[in-house]
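run_12.csv (CSV, C-alpha atoms and all ligand atoms)
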```csv
chain,number,residue,atom,x,y,z
Q,368,MET,CA,-125.1,-127.7,-77.5
Q,369,ALA,CA,-127.9,-127.2,-75.0
Q,370,ARG,CA,-131.0,-125.5,-76.3
Q,371,ASN,CA,-131.2,-121.8,-75.6
Q,372,ARG,CA,-134.3,-120.9,-73.6
Q,373,THR,CA,-133.3,-117.4,-72.5
Q,374,LEU,CA,-135.9,-114.7,-73.1
Q,375,ALA,CA,-135.1,-111.0,-72.8
Q,376,CYS,CA,-137.9,-108.4,-72.6
Q,377,VAL,CA,-137.0,-104.8,-73.1
Q,378,PHE,CA,-139.6,-102.2,-72.1
Q,379,ALA,CA,-139.9,-98.5,-71.2
Q,380,HIS,CA,-141.9,-98.4,-68.0
Q,381,PRO,CA,-142.8,-100.6,-65.0
Q,382,ASP,CA,-146.2,-102.1,-65.9
Q,383,ASP,CA,-145.4,-102.4,-69.7
Q,384,ASP,CA,-144.3,-105.9,-68.7
Q,385,ALA,CA,-147.5,-106.6,-66.8
Q,386,TYR,CA,-149.7,-107.0,-69.9
Q,387,GLY,CA,-148.9,-108.6,-73.2
Q,388,VAL,CA,-146.0,-110.7,-72.1
Q,389,ALA,CA,-146.6,-111.9,-68.5
Q,390,GLY,CA,-148.6,-114.9,-69.6
Q,391,SER,CA,-145.9,-116.0,-72.1
Q,392,ILE,CA,-143.5,-116.1,-69.2
Q,393,ALA,CA,-145.9,-117.8,-66.8
Q,394,VAL,CA,-146.2,-120.7,-69.2
Q,395,HIS,CA,-142.5,-121.4,-68.9
Q,396,ALA,CA,-142.1,-120.6,-65.2
Q,397,ASP,CA,-141.2,-124.0,-64.0
Q,398,GLU,CA,-138.9,-125.1,-66.8
Q,399,PRO,CA,-135.3,-125.6,-65.5
Q,400,ASP,CA,-133.6,-124.1,-68.6
Q,401,PHE,CA,-135.9,-121.1,-68.9
Q,402,ARG,CA,-134.0,-117.9,-68.1
Q,403,PHE,CA,-135.9,-114.6,-68.0
Q,404,VAL,CA,-134.1,-111.3,-68.4
Q,405,LEU,CA,-136.0,-108.1,-68.0
Q,406,ILE,CA,-134.8,-104.6,-68.8
Q,407,HIS,CA,-136.7,-101.4,-67.9
Q,408,ALA,CA,-135.5,-98.2,-69.4
Q,409,THR,CA,-137.2,-95.9,-66.8
Q,410,PHE,CA,-138.8,-96.1,-63.3
Q,411,GLY,CA,-142.0,-94.5,-64.6
Q,412,GLU,CA,-141.6,-91.5,-62.3
Q,413,LEU,CA,-143.8,-89.3,-64.5
Q,414,GLY,CA,-146.7,-91.7,-64.5
Q,415,ASP,CA,-150.2,-90.9,-63.2
Q,416,ILE,CA,-150.8,-90.9,-59.5
Q,417,ARG,CA,-154.3,-92.0,-58.9
Q,418,ASP,CA,-156.5,-89.9,-56.5
Q,419,GLY,CA,-155.7,-90.7,-52.9
Q,420,PHE,CA,-152.7,-92.9,-53.6
Q,421,PRO,CA,-149.8,-92.1,-51.2
Q,422,ALA,CA,-147.1,-91.2,-53.7
Q,423,THR,CA,-145.5,-87.9,-54.7
Q,424,ARG,CA,-143.7,-87.0,-57.9
Q,425,GLU,CA,-140.5,-87.6,-55.9
Q,426,THR,CA,-141.4,-91.1,-54.6
Q,427,LEU,CA,-143.4,-92.5,-57.6
Q,428,GLY,CA,-140.4,-93.9,-59.4
Q,429,SER,CA,-139.2,-96.0,-56.4
Q,430,ILE,CA,-142.8,-97.0,-55.7
Q,431,ARG,CA,-143.3,-98.2,-59.2
Q,432,ARG,CA,-140.1,-100.1,-59.2
Q,433,ALA,CA,-141.2,-101.9,-56.0
Q,434,GLU,CA,-144.6,-102.5,-57.5
Q,435,ASP,CA,-143.1,-104.1,-60.6
Q,436,GLU,CA,-140.9,-106.4,-58.5
Q,437,ALA,CA,-143.8,-107.4,-56.4
Q,438,ALA,CA,-145.9,-108.1,-59.5
Q,439,TRP,CA,-143.4,-110.7,-60.7
Q,440,ARG,CA,-143.4,-112.3,-57.2
Q,441,ALA,CA,-147.2,-112.4,-57.3
Q,442,LEU,CA,-147.1,-114.0,-60.8
Q,443,GLY,CA,-144.8,-116.7,-59.3
Q,444,ARG,CA,-141.8,-116.2,-61.6
Q,445,VAL,CA,-139.3,-113.4,-60.8
Q,446,PRO,CA,-136.8,-112.4,-63.4
Q,447,ASP,CA,-133.4,-114.1,-63.2
Q,448,ARG,CA,-131.9,-110.7,-64.0
Q,449,HIS,CA,-133.8,-107.4,-63.8
Q,450,GLU,CA,-131.9,-104.3,-65.0
Q,451,TRP,CA,-133.2,-100.7,-64.5
Q,452,LEU,CA,-131.4,-98.3,-66.9
Q,453,GLY,CA,-132.7,-95.3,-64.9
Q,454,LEU,CA,-133.3,-93.2,-68.0
Q,455,PRO,CA,-135.8,-90.3,-68.0
Q,456,ASP,CA,-139.5,-91.3,-68.0
Q,457,GLY,CA,-141.1,-89.4,-70.9
Q,458,GLY,CA,-137.7,-88.6,-72.4
Q,459,LEU,CA,-136.5,-91.7,-74.1
Q,460,ALA,CA,-137.0,-90.2,-77.5
Q,461,GLU,CA,-134.6,-87.4,-76.5
Q,462,VAL,CA,-131.9,-89.8,-75.2
Q,463,PRO,CA,-129.2,-90.1,-78.0
Q,464,PHE,CA,-130.2,-93.2,-79.9
Q,465,GLU,CA,-126.7,-94.6,-79.8
Q,466,GLU,CA,-126.7,-94.3,-76.0
Q,467,LEU,CA,-129.9,-96.2,-75.8
Q,468,VAL,CA,-128.7,-98.9,-78.2
Q,469,GLU,CA,-125.5,-99.4,-76.3
Q,470,ALA,CA,-127.2,-99.6,-72.9
Q,471,ILE,CA,-129.4,-102.4,-74.2
Q,472,SER,CA,-126.7,-104.1,-76.2
Q,473,ARG,CA,-124.4,-104.4,-73.3
Q,474,ILE,CA,-126.9,-106.6,-71.4
Q,475,LEU,CA,-128.1,-108.6,-74.4
Q,476,ASP,CA,-124.6,-109.3,-75.4
Q,477,GLU,CA,-123.9,-110.9,-72.0
Q,478,GLU,CA,-127.2,-112.8,-71.9
Q,479,GLU,CA,-127.3,-114.3,-75.4
Q,480,PRO,CA,-131.1,-114.5,-75.3
Q,481,ALA,CA,-132.7,-116.8,-77.9
Q,482,VAL,CA,-135.7,-114.5,-78.1
Q,483,VAL,CA,-135.9,-110.8,-77.5
Q,484,VAL,CA,-139.3,-109.1,-77.0
Q,485,THR,CA,-139.9,-105.4,-77.2
Q,486,PHE,CA,-142.4,-102.9,-78.6
Q,487,GLY,CA,-142.9,-102.5,-82.4
Q,488,PRO,CA,-143.1,-99.2,-84.2
Q,489,ASP,CA,-146.8,-98.8,-83.0
Q,490,GLY,CA,-145.7,-98.8,-79.4
Q,491,VAL,CA,-149.1,-100.4,-78.6
Q,492,THR,CA,-150.2,-97.0,-77.4
Q,493,GLY,CA,-148.0,-94.7,-79.6
Q,494,HIS,CA,-146.2,-93.6,-76.5
Q,495,PRO,CA,-142.9,-92.0,-77.7
Q,496,ASP,CA,-141.0,-93.9,-75.0
Q,497,HIS,CA,-142.4,-97.2,-76.2
Q,498,ILE,CA,-141.4,-96.4,-79.8
Q,499,ALA,CA,-137.9,-95.3,-78.8
Q,500,ILE,CA,-137.1,-98.3,-76.7
Q,501,GLY,CA,-138.5,-100.7,-79.4
Q,502,ALA,CA,-136.4,-99.0,-82.1
Q,503,ALA,CA,-133.2,-99.1,-80.0
Q,504,THR,CA,-133.8,-102.8,-79.1
Q,505,ASP,CA,-134.4,-103.7,-82.7
Q,506,GLU,CA,-131.1,-102.0,-83.6
Q,507,ALA,CA,-129.2,-103.7,-80.7
Q,508,PHE,CA,-130.6,-107.1,-81.9
Q,509,ALA,CA,-129.6,-106.4,-85.5
Q,510,ARG,CA,-126.0,-105.6,-84.4
Q,511,LEU,CA,-125.6,-108.6,-82.1
Q,512,ARG,CA,-127.1,-111.4,-84.1
Q,513,SER,CA,-124.8,-113.6,-86.2
Q,514,GLU,CA,-124.8,-117.2,-87.3
Q,515,ASP,CA,-122.2,-118.3,-84.9
Q,516,ARG,CA,-124.2,-117.2,-81.8
Q,517,SER,CA,-126.8,-119.4,-80.0
Q,518,GLY,CA,-128.8,-116.4,-79.1
Q,519,PHE,CA,-130.7,-113.8,-81.2
Q,520,GLN,CA,-132.8,-116.4,-83.0
Q,521,ARG,CA,-136.0,-114.4,-82.9
Q,522,LEU,CA,-137.0,-110.8,-82.4
Q,523,ALA,CA,-140.7,-110.4,-81.4
Q,524,HIS,CA,-142.9,-107.3,-81.0
Q,525,ALA,CA,-145.7,-107.4,-78.5
Q,526,VAL,CA,-148.8,-106.2,-80.3
Q,527,ILE,CA,-152.6,-106.2,-80.4
Q,528,PRO,CA,-154.2,-107.6,-83.5
Q,529,GLN,CA,-156.5,-105.2,-85.3
Q,530,SER,CA,-159.5,-107.6,-85.0
Q,531,VAL,CA,-159.0,-107.8,-81.3
Q,532,PHE,CA,-158.6,-104.0,-81.0
Q,533,GLU,CA,-161.9,-103.6,-82.9
Q,534,ARG,CA,-163.7,-106.1,-80.8
Q,535,TRP,CA,-162.6,-104.3,-77.6
Q,536,ASN,CA,-163.7,-101.0,-79.0
Q,537,ARG,CA,-167.1,-102.4,-80.0
Q,538,GLN,CA,-167.5,-103.8,-76.4
Q,539,ARG,CA,-166.5,-100.4,-75.0
Q,540,ALA,CA,-169.0,-98.6,-77.2
Q,541,GLU,CA,-171.8,-101.0,-76.1
Q,542,GLN,CA,-170.9,-100.3,-72.5
Q,543,GLY,CA,-171.0,-96.6,-73.0
Q,544,LEU,CA,-167.2,-96.2,-72.4
Q,545,VAL,CA,-164.9,-93.9,-74.3
Q,546,THR,CA,-163.5,-95.8,-77.3
Q,547,PHE,CA,-159.8,-95.9,-78.2
Q,548,ASP,CA,-158.7,-93.6,-81.0
Q,549,PRO,CA,-155.6,-95.1,-82.5
Q,550,THR,CA,-154.7,-91.7,-84.1
Q,551,GLN,CA,-154.1,-90.3,-80.6
Q,552,THR,CA,-151.0,-90.8,-78.6
Q,553,TYR,CA,-151.5,-92.9,-75.5
Q,554,HIS,CA,-154.5,-94.7,-77.0
Q,555,ILE,CA,-154.1,-98.4,-77.7
Q,556,ARG,CA,-154.0,-99.5,-81.4
Q,557,GLY,CA,-153.9,-102.7,-83.4
Q,558,VAL,CA,-151.6,-104.0,-86.1
Q,559,PRO,CA,-153.0,-105.8,-89.2
Q,560,ASP,CA,-153.9,-109.4,-88.2
Q,561,GLU,CA,-151.7,-110.8,-91.0
Q,562,GLN,CA,-148.6,-109.4,-89.1
Q,563,ILE,CA,-149.3,-111.6,-86.1
Q,564,HIS,CA,-147.1,-114.6,-86.1
Q,565,ILE,CA,-147.3,-115.9,-82.5
Q,566,THR,CA,-150.5,-116.3,-80.4
Q,567,VAL,CA,-149.9,-117.5,-76.9
Q,568,GLU,CA,-152.9,-119.0,-75.1
Q,569,CYS,CA,-152.3,-118.3,-71.5
Q,570,ARG,CA,-155.9,-118.5,-70.0
Q,571,GLU,CA,-154.7,-121.1,-67.5
Q,572,ALA,CA,-152.3,-118.5,-66.1
Q,573,ALA,CA,-154.9,-115.7,-66.1
Q,574,GLY,CA,-155.2,-115.7,-62.3
Q,575,ARG,CA,-151.5,-115.3,-61.8
Q,576,ILE,CA,-151.2,-112.6,-64.5
Q,577,VAL,CA,-154.0,-110.6,-62.7
Q,578,ALA,CA,-152.3,-111.2,-59.4
Q,579,GLY,CA,-149.3,-109.5,-60.9
Q,580,LEU,CA,-151.3,-106.7,-62.5
Q,581,GLN,CA,-152.9,-106.0,-59.1
Q,582,GLU,CA,-149.5,-105.2,-57.6
Q,583,HIS,CA,-149.2,-102.1,-59.8
Q,584,LYS,CA,-151.3,-100.4,-57.2
Q,585,SER,CA,-150.5,-96.8,-58.2
Q,586,GLN,CA,-151.7,-97.5,-61.8
Q,587,HIS,CA,-154.9,-99.5,-61.4
Q,588,HIS,CA,-157.0,-96.5,-62.7
Q,589,VAL,CA,-154.9,-96.4,-65.9
Q,590,MET,CA,-155.2,-100.2,-66.5
Q,591,PHE,CA,-158.9,-100.9,-66.1
Q,592,ASP,CA,-162.1,-99.0,-66.2
Q,593,ASP,CA,-163.3,-100.7,-63.1
Q,594,PRO,CA,-160.3,-101.8,-61.0
Q,595,THR,CA,-162.6,-103.9,-58.7
Q,596,ASP,CA,-163.8,-106.1,-61.6
Q,597,THR,CA,-161.1,-108.8,-61.5
Q,598,ALA,CA,-163.3,-111.1,-63.7
Q,599,GLN,CA,-162.9,-108.4,-66.5
Q,600,TRP,CA,-159.1,-108.3,-65.9
Q,601,GLU,CA,-158.9,-112.1,-66.3
Q,602,ARG,CA,-160.9,-112.1,-69.5
Q,603,ARG,CA,-158.5,-109.6,-71.0
Q,604,VAL,CA,-155.2,-111.5,-70.3
Q,605,GLY,CA,-156.0,-114.9,-71.7
Q,606,ARG,CA,-154.1,-114.5,-74.9
Q,607,GLU,CA,-150.9,-112.6,-76.0
Q,608,TRP,CA,-149.8,-111.7,-79.5
Q,609,TYR,CA,-146.5,-111.0,-81.2
Q,610,ALA,CA,-145.3,-109.9,-84.6
Q,611,VAL,CA,-142.0,-111.5,-85.5
Q,612,ALA,CA,-139.7,-108.7,-86.6
Q,613,TRP,CA,-136.8,-111.1,-87.3
Q,614,PRO,CA,-136.4,-113.5,-89.1
Q,615,GLU,CA,-138.8,-112.6,-91.8
Q,616,SER,CA,-141.8,-114.9,-91.8
Q,617,GLU,CA,-143.1,-116.7,-94.9
Q,618,PRO,CA,-146.4,-115.2,-96.0
Q,619,ASP,CA,-148.3,-118.5,-95.3
Q,620,ALA,CA,-146.3,-119.6,-92.2
Q,621,PRO,CA,-148.5,-121.3,-89.6
Q,622,MET,CA,-149.3,-119.4,-86.5
Q,623,LEU,CA,-146.8,-120.2,-83.7
Q,624,ALA,CA,-148.2,-120.9,-80.2
Q,625,ASP,CA,-145.1,-120.0,-78.1
Q,626,LEU,CA,-142.2,-117.5,-78.2
Q,627,PHE,CA,-139.7,-120.4,-78.5
Q,628,GLU,CA,-141.6,-122.6,-80.9
Q,629,GLY,CA,-139.5,-123.9,-83.7
Q,630,LEU,CA,-136.2,-122.6,-82.3
Q,631,THR,CA,-133.2,-124.8,-81.5
S,701,ZN,ZN,-145.4,-97.7,-70.9
```

Represent the structure of the file as structure tokens.
Amino acid sequence: MARNRTLACVFAHPDDDAYGVAGSIAVHADEPDFRFVLIHATFGELGDIRDGFPATRETLGSIRRAEDEAAWRALGRVPDRHEWLGLPDGGLAEVPFEELVEAISRILDEEEPAVVVTFGPDGVTGHPDHIAIGAATDEAFARLRSEDRSGFQRLAHAVIPQSVFERWNRQRAEQGLVTFDPTQTYHIRGVPDEQIHITVECREAAGRIVAGLQEHKSQHHVMFDDPTDTAQWERRVGREWYAVAWPESEPDAPMLADLFEGLT
């Protein structure tokens, strides 16, 4: 049987996919058997509109969808399949859980991804949409995986290690910037370093990752303190981290360097 190199990423908003996972995709961009499936639950229509940006509440969703699609073109690897569920931005926690699980399951069942990436229970920022989509994806994965399938070999949560979170906060404090408070919703937070099982070095792709990030033009002010400082952007995207939610890792398992490492 051919090896399975399908990756499915399931996120809440356009731009959730621009950080944290884009480099892990860039490193596989040119592999003939790599298949990249992307699911967005919402169009991000309730997102911030930065001052002077030509969007209205009515147009922001379609603008953000186009930005996200342009971002993957800029990175140089568009999804092989990109599904937009069109669920309410800011309202995923209110969508009946079963409905969310079924919408995700339908696509994952067809695609048979070896690896599924989503948010963990921390949601990286505690955003209720992130937590809801992550929980529904975990449930879809648990229902679909079975030993006679080639897919569903690994479920990974995109996360920030606590040590990295603390370093970023120290740097912010030194620069006189507001520090992140992980007890507050919408502030980034870390997970204990011992929960990190995969660290992807993607510094070589940093230029392409930043080219993608820059396409999220309506959201630059949310992404970086100084949107003109692309050197700062590049320093931030050189490494991506995951906690493996399934299968359970041995306590002393070596750190993996890639989402597919060790899979058949
Ligand atoms: Zn988001």

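Shell of Gly411 (chain Q) at 7 Å, with only C-alpha atoms counted and residues fewer than 4 places along the chain excluded, is His380, Pro381, Gly428, Arg431 and Asp456 of chain Q.
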
Region 548-589 of chain Q residues near region 415-427 of chain Q within 12 Å, closest pair each, using only C-alpha atoms, as a tab-separated table:
```
residue	atom	partner	partner_atom	distance
Q:His583	CA	Q:Ile416	CA	11.3
Q:Lys584	CA	Q:Phe420	CA	8.4
Q:Ser585	CA	Q:Ile416	CA	6.0
Q:Gln586	CA	Q:Arg417	CA	6.7
Q:His587	CA	Q:Arg417	CA	7.9
Q:His588	CA	Q:Arg417	CA	6.5
Q:Val589	CA	Q:Asp415	CA	7.7
```

Choose the residue, out of Q:Val462, Q:Val482, Q:Val404, Q:Ile500, that has the smallest atom-to-atom separation from ligand ZN 701 (chain S); count only C-alpha atoms and all ligand atoms.
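Among the listed residues, Q:Ile500 lies closest to ligand ZN 701 (chain S).
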
Report as a PyMOL selection string all protein, DNA and RNA residues lying within 8 Å of region 603-611 of chain Q, evaluated on all atoms listed in the file, omitting residues in the same chain fewer than 4 positions from it.
chain Q and resi 386-388+390-391+521-528+562-573+576-577+599+615-616

For ligand ZN 701 (chain S), which residue among Q:Gln529, Q:Thr552, Q:Asn371, Q:Gln538 is the nearest when counting all atoms listed in the file?
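Checking each candidate against ligand ZN 701 (chain S), we get Q:Thr552 as the closest.
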
Can you work out which residues are within 9 Å of ligand ZN 701 (chain S), considering only C-alpha atoms and all ligand atoms, and then hand them over as number ranges by chain?
Q: 378-384, 411, 414, 490-492, 494, 496-497

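In this comparison, which uses all atoms listed in the file, the residue of Q:Leu374, Q:Ala624, Q:Ala441, Q:Val394 approaching Ala481 (chain Q) most closely is Q:Leu374.
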
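You can rank Q:Trp613, Q:Asp397, Q:Pro480, Q:Val468 by their closest distance to Ser517 (chain Q) using only C-alpha atoms, and at the top of that list sits Q:Pro480.
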
Pick the closest to Val377 (chain Q) from Q:Leu413, Q:Leu452, Q:Met622, Q:Leu511: which is it, counting all atoms listed in the file?
Q:Leu452

Q:Asp625, Q:Glu450, Q:Glu466, Q:Asp560: which is nearest Glu478 (chain Q), counting all atoms listed in the file?
Q:Glu450

Students should find that CA of Glu434 (chain Q) and CA of Ile406 (chain Q) are spaced 15.1 Å

Neighbour list for Gly443 (chain Q) as a PyMOL selection string, cut-off 8 Å, only C-alpha atoms, skip fewer than 2 positions in-chain
chain Q and resi 393+396+439-441+445+575

Writing N, CA, C and O atoms and nothing else, produce region 583-602 of chain Q as an mmCIF file, in the first residue's frame.
```cif
data_model
loop_
_atom_site.group_PDB
_atom_site.id
_atom_site.type_symbol
_atom_site.label_atom_id
_atom_site.label_comp_id
_atom_site.auth_asym_id
_atom_site.auth_seq_id
_atom_site.Cartn_x
_atom_site.Cartn_y
_atom_site.Cartn_z
ATOM 1 N N HIS Q 583 -2.863 38.567 4.537
ATOM 2 C CA HIS Q 583 -4.009 38.803 5.439
ATOM 3 C C HIS Q 583 -4.058 40.296 5.769
ATOM 4 O O HIS Q 583 -3.916 40.703 6.915
ATOM 5 N N LYS Q 584 -4.267 41.066 4.736
ATOM 6 C CA LYS Q 584 -4.079 42.518 4.831
ATOM 7 C C LYS Q 584 -5.035 43.179 5.834
ATOM 8 O O LYS Q 584 -4.664 44.151 6.474
ATOM 9 N N SER Q 585 -6.240 42.639 5.963
ATOM 10 C CA SER Q 585 -7.191 43.267 6.900
ATOM 11 C C SER Q 585 -6.797 43.013 8.349
ATOM 12 O O SER Q 585 -7.322 43.663 9.244
ATOM 13 N N GLN Q 586 -5.865 42.075 8.574
ATOM 14 C CA GLN Q 586 -5.573 41.640 9.950
ATOM 15 C C GLN Q 586 -4.149 41.960 10.412
ATOM 16 O O GLN Q 586 -3.757 41.526 11.496
ATOM 17 N N HIS Q 587 -3.376 42.701 9.613
ATOM 18 C CA HIS Q 587 -1.978 42.947 9.985
ATOM 19 C C HIS Q 587 -1.836 43.502 11.395
ATOM 20 O O HIS Q 587 -0.935 43.119 12.134
ATOM 21 N N HIS Q 588 -2.739 44.394 11.761
ATOM 22 C CA HIS Q 588 -2.623 45.056 13.066
ATOM 23 C C HIS Q 588 -2.855 44.070 14.209
ATOM 24 O O HIS Q 588 -2.422 44.303 15.321
ATOM 25 N N VAL Q 589 -3.581 42.970 13.927
ATOM 26 C CA VAL Q 589 -3.828 41.975 14.972
ATOM 27 C C VAL Q 589 -2.622 41.036 15.095
ATOM 28 O O VAL Q 589 -2.317 40.514 16.158
ATOM 29 N N MET Q 590 -1.919 40.865 13.956
ATOM 30 C CA MET Q 590 -0.857 39.870 13.917
ATOM 31 C C MET Q 590 0.447 40.366 14.535
ATOM 32 O O MET Q 590 1.137 39.610 15.199
ATOM 33 N N PHE Q 591 0.810 41.595 14.277
ATOM 34 C CA PHE Q 591 2.131 42.081 14.689
ATOM 35 C C PHE Q 591 2.035 43.497 15.235
ATOM 36 O O PHE Q 591 1.206 44.287 14.786
ATOM 37 N N ASP Q 592 2.916 43.781 16.180
ATOM 38 C CA ASP Q 592 2.925 45.112 16.781
ATOM 39 C C ASP Q 592 3.319 46.157 15.755
ATOM 40 O O ASP Q 592 2.770 47.247 15.725
ATOM 41 N N ASP Q 593 4.299 45.808 14.922
ATOM 42 C CA ASP Q 593 4.718 46.738 13.876
ATOM 43 C C ASP Q 593 4.635 46.006 12.534
ATOM 44 O O ASP Q 593 5.553 45.281 12.149
ATOM 45 N N PRO Q 594 3.500 46.173 11.829
ATOM 46 C CA PRO Q 594 3.300 45.413 10.588
ATOM 47 C C PRO Q 594 4.344 45.699 9.503
ATOM 48 O O PRO Q 594 4.455 44.939 8.543
ATOM 49 N N THR Q 595 5.137 46.763 9.661
ATOM 50 C CA THR Q 595 6.150 47.058 8.642
ATOM 51 C C THR Q 595 7.462 46.320 8.914
ATOM 52 O O THR Q 595 8.355 46.304 8.071
ATOM 53 N N ASP Q 596 7.583 45.713 10.101
ATOM 54 C CA ASP Q 596 8.850 45.084 10.498
ATOM 55 C C ASP Q 596 8.853 43.613 10.057
ATOM 56 O O ASP Q 596 8.610 42.710 10.850
ATOM 57 N N THR Q 597 9.138 43.361 8.780
ATOM 58 C CA THR Q 597 9.058 41.986 8.287
ATOM 59 C C THR Q 597 10.171 41.103 8.860
ATOM 60 O O THR Q 597 10.013 39.895 8.955
ATOM 61 N N ALA Q 598 11.277 41.723 9.285
ATOM 62 C CA ALA Q 598 12.347 40.929 9.917
ATOM 63 C C ALA Q 598 11.815 40.306 11.211
ATOM 64 O O ALA Q 598 12.072 39.141 11.522
ATOM 65 N N GLN Q 599 11.021 41.077 11.943
ATOM 66 C CA GLN Q 599 10.403 40.555 13.171
ATOM 67 C C GLN Q 599 9.448 39.406 12.823
ATOM 68 O O GLN Q 599 9.433 38.367 13.495
ATOM 69 N N TRP Q 600 8.681 39.567 11.743
ATOM 70 C CA TRP Q 600 7.754 38.497 11.324
ATOM 71 C C TRP Q 600 8.558 37.226 11.059
ATOM 72 O O TRP Q 600 8.177 36.144 11.490
ATOM 73 N N GLU Q 601 9.651 37.373 10.330
ATOM 74 C CA GLU Q 601 10.424 36.178 9.938
ATOM 75 C C GLU Q 601 11.024 35.474 11.161
ATOM 76 O O GLU Q 601 11.111 34.253 11.188
ATOM 77 N N ARG Q 602 11.438 36.251 12.163
ATOM 78 C CA ARG Q 602 12.005 35.623 13.361
ATOM 79 C C ARG Q 602 10.964 34.797 14.100
ATOM 80 O O ARG Q 602 11.278 33.798 14.737
#
```
